[in-house]
Number of protein chains: 2
Amino acid sequence: MICSVNFPSDTIEKAVEQLSRFPGIGKKTALRMTLFLLKEQKENVDRMSQAMIDLKTKVRYCSTCGNVSDADICSICSSVNRNKKLICVVKDFQDIISIENTGQFSGVYHVLGGVIAPMDGIGPDDLTIDQLLLRVREQGVEELVFALSANMEGDTTAFYISRKLEDSSVKMSAISRGIAVGGELEYADEITLGRSILNRVPYSLNTQ
Amino acid sequence: MICSVNFPSDTIEKAVEQLSRFPGIGKKTALRMTLFLLKEQKENVDRMSQAMIDLKTKVRYCSTCGNVSDADICSICSSVNRNKKLICVVKDFQDIISIENTGQFSGVYHVLGGVIAPMDGIGPDDLTIDQLLLRVREQGVEELVFALSANMEGDTTAFYISRKLEDSSVKMSAISRGIAVGGELEYADEITLGRSILNRVPYSLNTQ
């Protein structure tokens with residue numbers, strides 16, 4: 001419906017078109033955003049657009065783990081409080097934000113930059129797997145935690161890496177799959193529920 | 001929860017903060033937008049931010065009606081297909097987009113730039129009422145259609161203008177109240193808004 005709008009100005013039409021490129025932002029929301037900008041002070045609009053441009057010019061990637069960073073080494077890799085012998089393997093740097101948000105992980109990370117997906121033409125050489133193997137072998141890493149998506153691509157990737165490290169003494173684990181905390185059994189899908197039964201954990205009165 | 005995130009980069013944190021200034025965009029959506037920009041080509045991000053800046057530098061306002069425009073006179077005022085004797089009075093240029101979208105109005109517009117709201121310190125002199133009265137008297141306008149929000153401020157504004165034009169022969173009407181009382185024009189659906197223009201009712205001092 002909104003597509004048929006005759007915008008009173010090409011500049012506005014272009015802004016709506018550009019803002020609706022954001023994921024989850026439709027034409028109607030983009031129009032509301034555009035009208036908001038039109039009413040804003042110029043300095044504020046400049047600040048917003050500059051923050052967007054800075055993302056492409058200022059953000060760097062940690063040379064150790066591949067996380068986004070303001071410096072050559074990210075704040076996690078350079079922290080003395082993090083256990084460098086424990087590496088969590090993730091697909092993308094945004095997974096790091098999610099895991100950091102839990103406050104439950106004290107090790108460091110390795111960003112693969114994707115997962116092995118032959119259908120999309122992504123093979124092991126397109127990812128940072130070689131750098132990960134080098135870190136494991138050279139830095140005496142004790143444990144790798146795979147925090148990859150529970151699908152064929154994630155499983156394939158974890159399998160590939162574990163095969164490459166078969167001869168090393170590094171311990172490997174994967175984040176547990178199961179019913180969400182507070183989740184109702186009846187709403188869980190069968191595969192998740194099935195896996196959570198197979199991977200059941202010992203129950204004690206001390207477990208909360 | 002998201003508020004406690006330790007962002008891996010100040011640049012990202014700043015982008016999230018700036019993008020969440022958009023109306024209806026929370027921290028979580030702003031983070032998704034930021035991650036999208038990080039993965040985008042630099043040219044595309046430049047184009048998006050330029051479109052935002054252009055809104056503040058290129059958009060002009062029609063010298064006749066106050067609508068946003070790329071030129072001195074907007075496309076509606078300069079169109080030969082529009083009835084210049086019929087003026088629809090709106091609060092804001094975004095109301096024009098909504099009404100144009102219905103395809104039910106063939107006249108021209110007048111943007112007041114607000115409504116009389118003594119509580120907010122907005123009086124008749126802060127609006128373009130004088131220009132409207134001038135247009136009515138000098139251009140032989142036959143009908144004014146008030147398309148203002150159905151609340152006290154909208155009613156007061158229509159009342160004020162109608163009093164000023166009591167001595168003239170101009171016909172006055174208001175869009176019909178198919179729209180919920182207290183509702184904003186921009187949230188009305190097109191059919192209701194279109195019908196309310198077709199069913200506009202004569203405006204007199206006795207109409208509440």
# chains A, B, ... in the order shown; residues from 1 in each chain; ligands from 1

$ calpha_fit_rmsd --fixed "chain A" --moving "chain B"
6.9 Å

$ residues_around --residues "Asn67 in chain B" --least-positions-apart "5" --cutoff "8 Å" --atoms "only C-alpha atoms" --output "PyMOL selection string"
(chain A and resi 8) or (chain B and resi 61-62+74+93+96+109-111)

$ closest_atom_pairs --of "chain A" --to "chain B" --cutoff "8 Å" --atoms "only C-alpha atoms" --output "Markdown table"
| residue | atom | partner | partner_atom | distance |
| --- | --- | --- | --- | --- |
| A:Ile2 | CA | B:Asn101 | CA | 7.6 |
| A:Ser4 | CA | B:Asn101 | CA | 7.3 |
| A:Val5 | CA | B:Asn101 | CA | 5.5 |
| A:Asn6 | CA | B:Asn101 | CA | 7.2 |
| A:Phe7 | CA | B:Ile97 | CA | 6.8 |
| A:Pro8 | CA | B:Ser69 | CA | 5.8 |
| A:Ser9 | CA | B:Ser69 | CA | 5.0 |
| A:Asp10 | CA | B:Asp70 | CA | 7.0 |
| A:Thr11 | CA | B:Leu55 | CA | 6.3 |
| A:Ile12 | CA | B:Leu55 | CA | 6.6 |
| A:Lys14 | CA | B:Ala51 | CA | 6.5 |
| A:Ala15 | CA | B:Ala51 | CA | 4.9 |
| A:Gln18 | CA | B:Met48 | CA | 5.3 |
| A:Leu19 | CA | B:Met48 | CA | 6.7 |
| A:Phe22 | CA | B:Met33 | CA | 6.0 |
| A:Pro23 | CA | B:Met33 | CA | 6.7 |
| A:Arg32 | CA | B:Pro23 | CA | 7.6 |
| A:Met33 | CA | B:Phe22 | CA | 6.0 |
| A:Thr34 | CA | B:Met52 | CA | 7.7 |
| A:Leu35 | CA | B:Gln94 | CA | 7.5 |
| A:Phe36 | CA | B:Phe22 | CA | 7.1 |
| A:Leu37 | CA | B:Met52 | CA | 7.2 |
| A:Leu38 | CA | B:Leu55 | CA | 6.0 |
| A:Lys42 | CA | B:Lys56 | CA | 6.1 |
| A:Val45 | CA | B:Ile53 | CA | 6.5 |
| A:Asp46 | CA | B:Ile53 | CA | 6.5 |
| A:Arg47 | CA | B:Gln18 | CA | 7.5 |
| A:Met48 | CA | B:Gln18 | CA | 5.3 |
| A:Ser49 | CA | B:Ser49 | CA | 4.7 |
| A:Gln50 | CA | B:Ser49 | CA | 7.5 |
| A:Ala51 | CA | B:Ala15 | CA | 5.0 |
| A:Met52 | CA | B:Ala15 | CA | 6.1 |
| A:Ile53 | CA | B:Asp46 | CA | 6.5 |
| A:Asp54 | CA | B:Thr11 | CA | 6.7 |
| A:Leu55 | CA | B:Leu38 | CA | 6.0 |
| A:Lys56 | CA | B:Lys42 | CA | 6.1 |
| A:Lys58 | CA | B:Thr11 | CA | 7.0 |
| A:Val59 | CA | B:Thr11 | CA | 6.6 |
| A:Asn67 | CA | B:Pro8 | CA | 7.6 |
| A:Val68 | CA | B:Pro8 | CA | 6.2 |
| A:Ser69 | CA | B:Ser9 | CA | 5.0 |
| A:Asp70 | CA | B:Ser9 | CA | 5.4 |
| A:Cys74 | CA | B:Pro8 | CA | 7.2 |
| A:Ser75 | CA | B:Pro8 | CA | 6.8 |
| A:Ile76 | CA | B:Pro8 | CA | 8.0 |
| A:Gln94 | CA | B:Leu35 | CA | 7.5 |
| A:Ile97 | CA | B:Phe7 | CA | 7.0 |
| A:Glu100 | CA | B:Val5 | CA | 7.4 |
| A:Asn101 | CA | B:Val5 | CA | 5.6 |

$ atom_distance --atom1 "CA of Glu142 in chain B" --atom2 "CA of Pro202 in chain B"
12.8 Å

$ select_by_dssp --residues "range 2-204 of chain B" --states "alpha helix (DSSP H)" --output "VMD selection string"
chain B and resid 10 to 19 27 to 39 42 to 57 93 to 102 129 to 138 152 to 164 190 to 198

$ closest_residue --among "A:Ser78, A:Asn83, A:Ser176, A:Ser168" --to "Phe105 in chain A" --atoms "only C-alpha atoms"
A:Asn83

$ residues_around --residues "Cys88 in chain A" --least-positions-apart "4" --cutoff "8 Å" --atoms "only C-alpha atoms" --output "ChimeraX atom specification"
/A:107-110,144-147

$ select_by_dssp --residues "range 15-110 of chain B" --states "strand (DSSP E or B)" --output "PDB file with C-alpha atoms, in the first residue's frame"
ATOM      1  CA  ARG B  60      13.083  22.669   0.993  1.00  0.00           C
ATOM      2  CA  TYR B  61       9.603  23.849   1.889  1.00  0.00           C
ATOM      3  CA  VAL B  68       8.288  19.565   1.691  1.00  0.00           C
ATOM      4  CA  SER B  69       9.618  19.973  -1.793  1.00  0.00           C
ATOM      5  CA  ASN B  83      -8.032  22.484  -7.924  1.00  0.00           C
ATOM      6  CA  LYS B  84      -6.495  25.619  -6.428  1.00  0.00           C
ATOM      7  CA  LYS B  85      -9.903  26.758  -5.116  1.00  0.00           C
ATOM      8  CA  LEU B  86     -10.008  23.858  -2.674  1.00  0.00           C
ATOM      9  CA  ILE B  87      -7.501  23.948   0.173  1.00  0.00           C
ATOM     10  CA  CYS B  88      -7.012  21.179   2.702  1.00  0.00           C
ATOM     11  CA  VAL B  89      -5.615  22.516   5.964  1.00  0.00           C
ATOM     12  CA  VAL B  90      -3.222  20.119   7.717  1.00  0.00           C
ATOM     13  CA  GLY B 107      -7.264  20.199  -4.270  1.00  0.00           C
ATOM     14  CA  VAL B 108      -4.166  21.756  -2.788  1.00  0.00           C
ATOM     15  CA  TYR B 109      -2.892  21.929   0.783  1.00  0.00           C
ATOM     16  CA  HIS B 110      -1.883  24.349   3.477  1.00  0.00           C
TER      17      HIS B 110
END

$ atom_distance --atom1 "CA of Cys65 in chain A" --atom2 "CA of Arg135 in chain A"
9.3 Å

$ residues_around --residues "Thr128 in chain B" --least-positions-apart "2" --cutoff "7 Å" --atoms "only C-alpha atoms" --output "JSON, numbers by chain"
{"B": [112, 113, 126, 130, 131, 132]}

$ atom_distance --atom1 "CA of Gly140 in chain A" --atom2 "CA of Ile116 in chain A"
25.5 Å

$ decode --residues "range 91-132 of chain A" --atoms "N, CA and C atoms" --output "short mmCIF file (atom, residue, chain, number, x, y, z; two decimals), in the first residue's frame"
data_model
loop_
_atom_site.label_atom_id
_atom_site.label_comp_id
_atom_site.auth_asym_id
_atom_site.auth_seq_id
_atom_site.Cartn_x
_atom_site.Cartn_y
_atom_site.Cartn_z
N LYS A 91 30.78 -18.72 15.25
CA LYS A 91 30.69 -18.44 13.82
C LYS A 91 31.01 -16.97 13.54
N ASP A 92 30.48 -16.11 14.40
CA ASP A 92 30.44 -14.69 14.09
C ASP A 92 30.71 -13.87 15.34
N PHE A 93 31.19 -12.64 15.19
CA PHE A 93 31.49 -11.84 16.37
C PHE A 93 30.24 -11.49 17.17
N GLN A 94 29.06 -11.51 16.52
CA GLN A 94 27.87 -11.18 17.29
C GLN A 94 27.51 -12.28 18.28
N ASP A 95 27.99 -13.51 18.02
CA ASP A 95 27.79 -14.58 18.99
C ASP A 95 28.58 -14.28 20.26
N ILE A 96 29.72 -13.59 20.10
CA ILE A 96 30.52 -13.21 21.27
C ILE A 96 29.72 -12.27 22.17
N ILE A 97 29.03 -11.32 21.54
CA ILE A 97 28.21 -10.38 22.33
C ILE A 97 27.17 -11.16 23.14
N SER A 98 26.51 -12.13 22.47
CA SER A 98 25.48 -12.92 23.17
C SER A 98 26.08 -13.69 24.34
N ILE A 99 27.23 -14.32 24.12
CA ILE A 99 27.82 -15.15 25.18
C ILE A 99 28.36 -14.26 26.31
N GLU A 100 28.99 -13.14 25.93
CA GLU A 100 29.50 -12.22 26.96
C GLU A 100 28.37 -11.72 27.84
N ASN A 101 27.20 -11.56 27.21
CA ASN A 101 26.03 -11.05 27.91
C ASN A 101 25.59 -11.99 29.03
N THR A 102 25.92 -13.28 28.91
CA THR A 102 25.53 -14.24 29.95
C THR A 102 26.44 -14.12 31.17
N GLY A 103 27.67 -13.63 30.97
CA GLY A 103 28.61 -13.52 32.07
C GLY A 103 29.09 -14.86 32.59
N GLN A 104 28.90 -15.94 31.80
CA GLN A 104 29.22 -17.29 32.27
C GLN A 104 30.51 -17.84 31.68
N PHE A 105 31.17 -17.08 30.81
CA PHE A 105 32.35 -17.63 30.14
C PHE A 105 33.57 -16.78 30.45
N SER A 106 34.62 -17.42 30.94
CA SER A 106 35.80 -16.66 31.36
C SER A 106 36.99 -16.89 30.44
N GLY A 107 36.81 -17.67 29.35
CA GLY A 107 37.91 -17.92 28.43
C GLY A 107 37.98 -16.86 27.35
N VAL A 108 38.62 -17.22 26.23
CA VAL A 108 38.70 -16.31 25.09
C VAL A 108 37.94 -16.94 23.91
N TYR A 109 37.91 -16.24 22.79
CA TYR A 109 37.10 -16.69 21.67
C TYR A 109 37.92 -16.92 20.41
N HIS A 110 37.30 -17.59 19.45
CA HIS A 110 37.85 -17.64 18.09
C HIS A 110 36.69 -17.51 17.11
N VAL A 111 36.74 -16.47 16.30
CA VAL A 111 35.68 -16.25 15.32
C VAL A 111 36.05 -16.92 14.00
N LEU A 112 35.21 -17.87 13.57
CA LEU A 112 35.50 -18.61 12.34
C LEU A 112 35.20 -17.78 11.10
N GLY A 113 34.28 -16.85 11.22
CA GLY A 113 33.89 -16.06 10.05
C GLY A 113 32.87 -16.77 9.18
N GLY A 114 32.26 -17.83 9.73
CA GLY A 114 31.26 -18.58 8.98
C GLY A 114 31.32 -20.04 9.39
N VAL A 115 30.56 -20.87 8.70
CA VAL A 115 30.62 -22.31 8.95
C VAL A 115 30.74 -23.01 7.60
N ILE A 116 31.22 -24.24 7.63
CA ILE A 116 31.40 -24.98 6.38
C ILE A 116 30.03 -25.26 5.77
N ALA A 117 29.81 -24.75 4.57
CA ALA A 117 28.51 -24.91 3.91
C ALA A 117 28.75 -25.13 2.43
N PRO A 118 28.95 -26.39 2.03
CA PRO A 118 29.27 -26.68 0.63
C PRO A 118 28.21 -26.15 -0.33
N MET A 119 26.94 -26.16 0.11
CA MET A 119 25.87 -25.68 -0.76
C MET A 119 26.02 -24.20 -1.08
N ASP A 120 26.63 -23.44 -0.17
CA ASP A 120 26.86 -22.02 -0.41
C ASP A 120 28.27 -21.77 -0.90
N GLY A 121 29.01 -22.84 -1.17
CA GLY A 121 30.37 -22.69 -1.67
C GLY A 121 31.37 -22.27 -0.61
N ILE A 122 31.06 -22.50 0.68
CA ILE A 122 31.98 -22.12 1.75
C ILE A 122 32.70 -23.37 2.25
N GLY A 123 33.97 -23.44 2.01
CA GLY A 123 34.78 -24.57 2.45
C GLY A 123 35.66 -24.18 3.63
N PRO A 124 36.42 -25.15 4.19
CA PRO A 124 37.27 -24.89 5.35
C PRO A 124 38.28 -23.76 5.10
N ASP A 125 38.75 -23.63 3.85
CA ASP A 125 39.78 -22.63 3.56
C ASP A 125 39.22 -21.21 3.59
N ASP A 126 37.91 -21.08 3.52
CA ASP A 126 37.31 -19.74 3.57
C ASP A 126 37.16 -19.25 5.01
N LEU A 127 37.41 -20.14 5.96
CA LEU A 127 37.24 -19.77 7.37
C LEU A 127 38.61 -19.66 8.04
N THR A 128 38.62 -19.23 9.30
CA THR A 128 39.90 -19.03 10.00
C THR A 128 40.27 -20.29 10.79
N ILE A 129 40.02 -21.46 10.18
CA ILE A 129 40.30 -22.72 10.87
C ILE A 129 41.80 -22.94 11.06
N ASP A 130 42.60 -22.59 10.04
CA ASP A 130 44.06 -22.77 10.16
C ASP A 130 44.62 -21.95 11.32
N GLN A 131 44.13 -20.71 11.46
CA GLN A 131 44.59 -19.87 12.56
C GLN A 131 44.20 -20.50 13.91
N LEU A 132 43.01 -21.10 13.95
CA LEU A 132 42.56 -21.74 15.19
C LEU A 132 43.47 -22.92 15.55
#
